[in-house]
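For reference, the structure discussed in these notes is given below.
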Amino acid sequence: MSDTTVRVHTAVLSVSSTTGTWRLFVGLLNTTDPWPEHVFSSSEIPTPAARTAALTLLGYEPTDGAEWEWSEDTAAADGPVHLLSSMKVRERTGGAA
């Protein structure tokens, strides 16, 4: 792989069933590196601007044309539904802010 190859990852926004706060993490597949993570201090769904700011702090940015895609996750058919959102991201030139 050349040094100019852009590595694309998936950023995931999820809410903790324990604390009710949201967290954003970047899944780094095929590595043992820790996944970059940002925990928001509120139980409110973070705004798109807050998500972008968190990604910037972690050293990532959305890929061209990427948008947040929402889905539902359930542990059991009759259990509560948890919202998840994901978006393709790439490492920022210059790294974390």
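Chain labels follow the order of the structure tokens: the first chain is A, the next B, and so on; residue numbering restarts at 1 in every chain, and ligands are counted from 1 in their shown order.
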Per-residue DSSP, chain A, filtered to strand (DSSP E or B), as an NGL selection string: :A and (8-15 or 22-27 or 37-39 or 60-62 or 69-74 or 81-91)
Contact residues around Asp64 (chain A) with only C-alpha atoms at 9 Å, ignoring same-chain residues under 2 positions, as number ranges by chain: A: 62, 66, 88-89
Once you count only C-alpha atoms, what closest atom pair and distance in Å to one decimal does each residue of region 44-79 of chain A within 10 Å of region 7-14 of chain A have, with rows by chain and rising residue number, as a tab-separated table?
residue	atom	partner	partner_atom	distance
A:Ile45	CA	A:Ser14	CA	9.2
A:Pro46	CA	A:Leu13	CA	9.0
A:Arg51	CA	A:Leu13	CA	8.4
A:Leu55	CA	A:Ala11	CA	8.3
A:Tyr60	CA	A:Ala11	CA	9.0
A:Glu61	CA	A:Ala11	CA	9.5
A:Pro62	CA	A:Ala11	CA	8.8
A:Thr63	CA	A:Val8	CA	7.7
A:Trp68	CA	A:Val12	CA	9.0
A:Glu69	CA	A:Val12	CA	9.5
A:Trp70	CA	A:Leu13	CA	9.2
A:Asp73	CA	A:Ser14	CA	9.9
Any chance you can output those residues with N, CA, C and O atoms as a PDB file, in the first residue's frame?
ATOM      1  N   ILE A  45     -29.313  13.546  21.292  1.00  0.00           N
ATOM      2  CA  ILE A  45     -28.592  13.097  20.105  1.00  0.00           C
ATOM      3  C   ILE A  45     -27.684  14.239  19.637  1.00  0.00           C
ATOM      4  O   ILE A  45     -28.151  15.358  19.437  1.00  0.00           O
ATOM      5  N   PRO A  46     -26.387  13.979  19.491  1.00  0.00           N
ATOM      6  CA  PRO A  46     -25.471  15.042  19.061  1.00  0.00           C
ATOM      7  C   PRO A  46     -25.850  15.570  17.670  1.00  0.00           C
ATOM      8  O   PRO A  46     -26.213  14.802  16.779  1.00  0.00           O
ATOM      9  N   ARG A  51     -21.023  16.122  15.894  1.00  0.00           N
ATOM     10  CA  ARG A  51     -20.408  14.870  15.422  1.00  0.00           C
ATOM     11  C   ARG A  51     -19.170  15.157  14.589  1.00  0.00           C
ATOM     12  O   ARG A  51     -18.138  14.508  14.748  1.00  0.00           O
ATOM     13  N   LEU A  55     -15.327  14.086  15.353  1.00  0.00           N
ATOM     14  CA  LEU A  55     -14.487  13.385  14.379  1.00  0.00           C
ATOM     15  C   LEU A  55     -13.169  14.133  14.161  1.00  0.00           C
ATOM     16  O   LEU A  55     -12.102  13.522  14.089  1.00  0.00           O
ATOM     17  N   TYR A  60     -10.302  12.488  12.120  1.00  0.00           N
ATOM     18  CA  TYR A  60     -11.027  11.936  10.969  1.00  0.00           C
ATOM     19  C   TYR A  60     -11.959  12.976  10.385  1.00  0.00           C
ATOM     20  O   TYR A  60     -12.299  13.961  11.038  1.00  0.00           O
ATOM     21  N   GLU A  61     -12.394  12.723   9.152  1.00  0.00           N
ATOM     22  CA  GLU A  61     -13.368  13.575   8.480  1.00  0.00           C
ATOM     23  C   GLU A  61     -14.229  12.700   7.577  1.00  0.00           C
ATOM     24  O   GLU A  61     -13.790  11.614   7.172  1.00  0.00           O
ATOM     25  N   PRO A  62     -15.449  13.152   7.267  1.00  0.00           N
ATOM     26  CA  PRO A  62     -16.300  12.368   6.370  1.00  0.00           C
ATOM     27  C   PRO A  62     -15.650  12.221   4.993  1.00  0.00           C
ATOM     28  O   PRO A  62     -14.952  13.121   4.536  1.00  0.00           O
ATOM     29  N   THR A  63     -15.877  11.094   4.350  1.00  0.00           N
ATOM     30  CA  THR A  63     -15.439  10.942   2.968  1.00  0.00           C
ATOM     31  C   THR A  63     -16.345  11.802   2.086  1.00  0.00           C
ATOM     32  O   THR A  63     -17.422  12.220   2.518  1.00  0.00           O
ATOM     33  N   TRP A  68     -24.675  10.555   7.378  1.00  0.00           N
ATOM     34  CA  TRP A  68     -25.002   9.657   8.480  1.00  0.00           C
ATOM     35  C   TRP A  68     -26.186   8.790   8.076  1.00  0.00           C
ATOM     36  O   TRP A  68     -27.195   9.302   7.597  1.00  0.00           O
ATOM     37  N   GLU A  69     -26.067   7.490   8.250  1.00  0.00           N
ATOM     38  CA  GLU A  69     -27.137   6.545   7.957  1.00  0.00           C
ATOM     39  C   GLU A  69     -27.616   5.944   9.274  1.00  0.00           C
ATOM     40  O   GLU A  69     -26.823   5.377  10.022  1.00  0.00           O
ATOM     41  N   TRP A  70     -28.915   6.082   9.542  1.00  0.00           N
ATOM     42  CA  TRP A  70     -29.494   5.614  10.798  1.00  0.00           C
ATOM     43  C   TRP A  70     -30.081   4.216  10.631  1.00  0.00           C
ATOM     44  O   TRP A  70     -30.627   3.872   9.600  1.00  0.00           O
ATOM     45  N   ASP A  73     -31.214  -1.151  16.239  1.00  0.00           N
ATOM     46  CA  ASP A  73     -30.578  -2.360  16.749  1.00  0.00           C
ATOM     47  C   ASP A  73     -31.421  -2.871  17.914  1.00  0.00           C
ATOM     48  O   ASP A  73     -31.796  -2.100  18.797  1.00  0.00           O
TER      49      ASP A  73
END
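Our summary of the geometry notes that CA of Asp78 (chain A) is positioned 23.5 Å from CA of Ser43 (chain A).
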Residues of region 7-81 of chain A in helix (DSSP H, G or I), written as number ranges by chain: A: 48-58
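Across A:Thr74, A:Ser86, A:Ser16, A:Thr21, the tightest approach to Ser41 (chain A) is made by A:Thr21 when counting only C-alpha atoms.
Counting from CA of Thr5 (chain A), the distance to CA of Ser85 (chain A) is 25.8 Å.
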A:Val6, A:Val15, A:Leu24, A:Val39 ranked by distance to Leu83 (chain A), top pick (using only C-alpha atoms): A:Val15
Two-atom distance - CA of Leu29 (chain A), CA of Ala54 (chain A) (Å): 20.0 Å
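Shortest separation to Thr93 (chain A) among A:Ser71, A:Thr56, A:Thr19, A:Asn30 occurs at residue A:Thr56, atoms counted being only C-alpha atoms.
Nearest residue to Glu91 (chain A), choosing from A:His38, A:Gly79, A:Leu28, A:Ala50 and counting only C-alpha atoms: A:Leu28.
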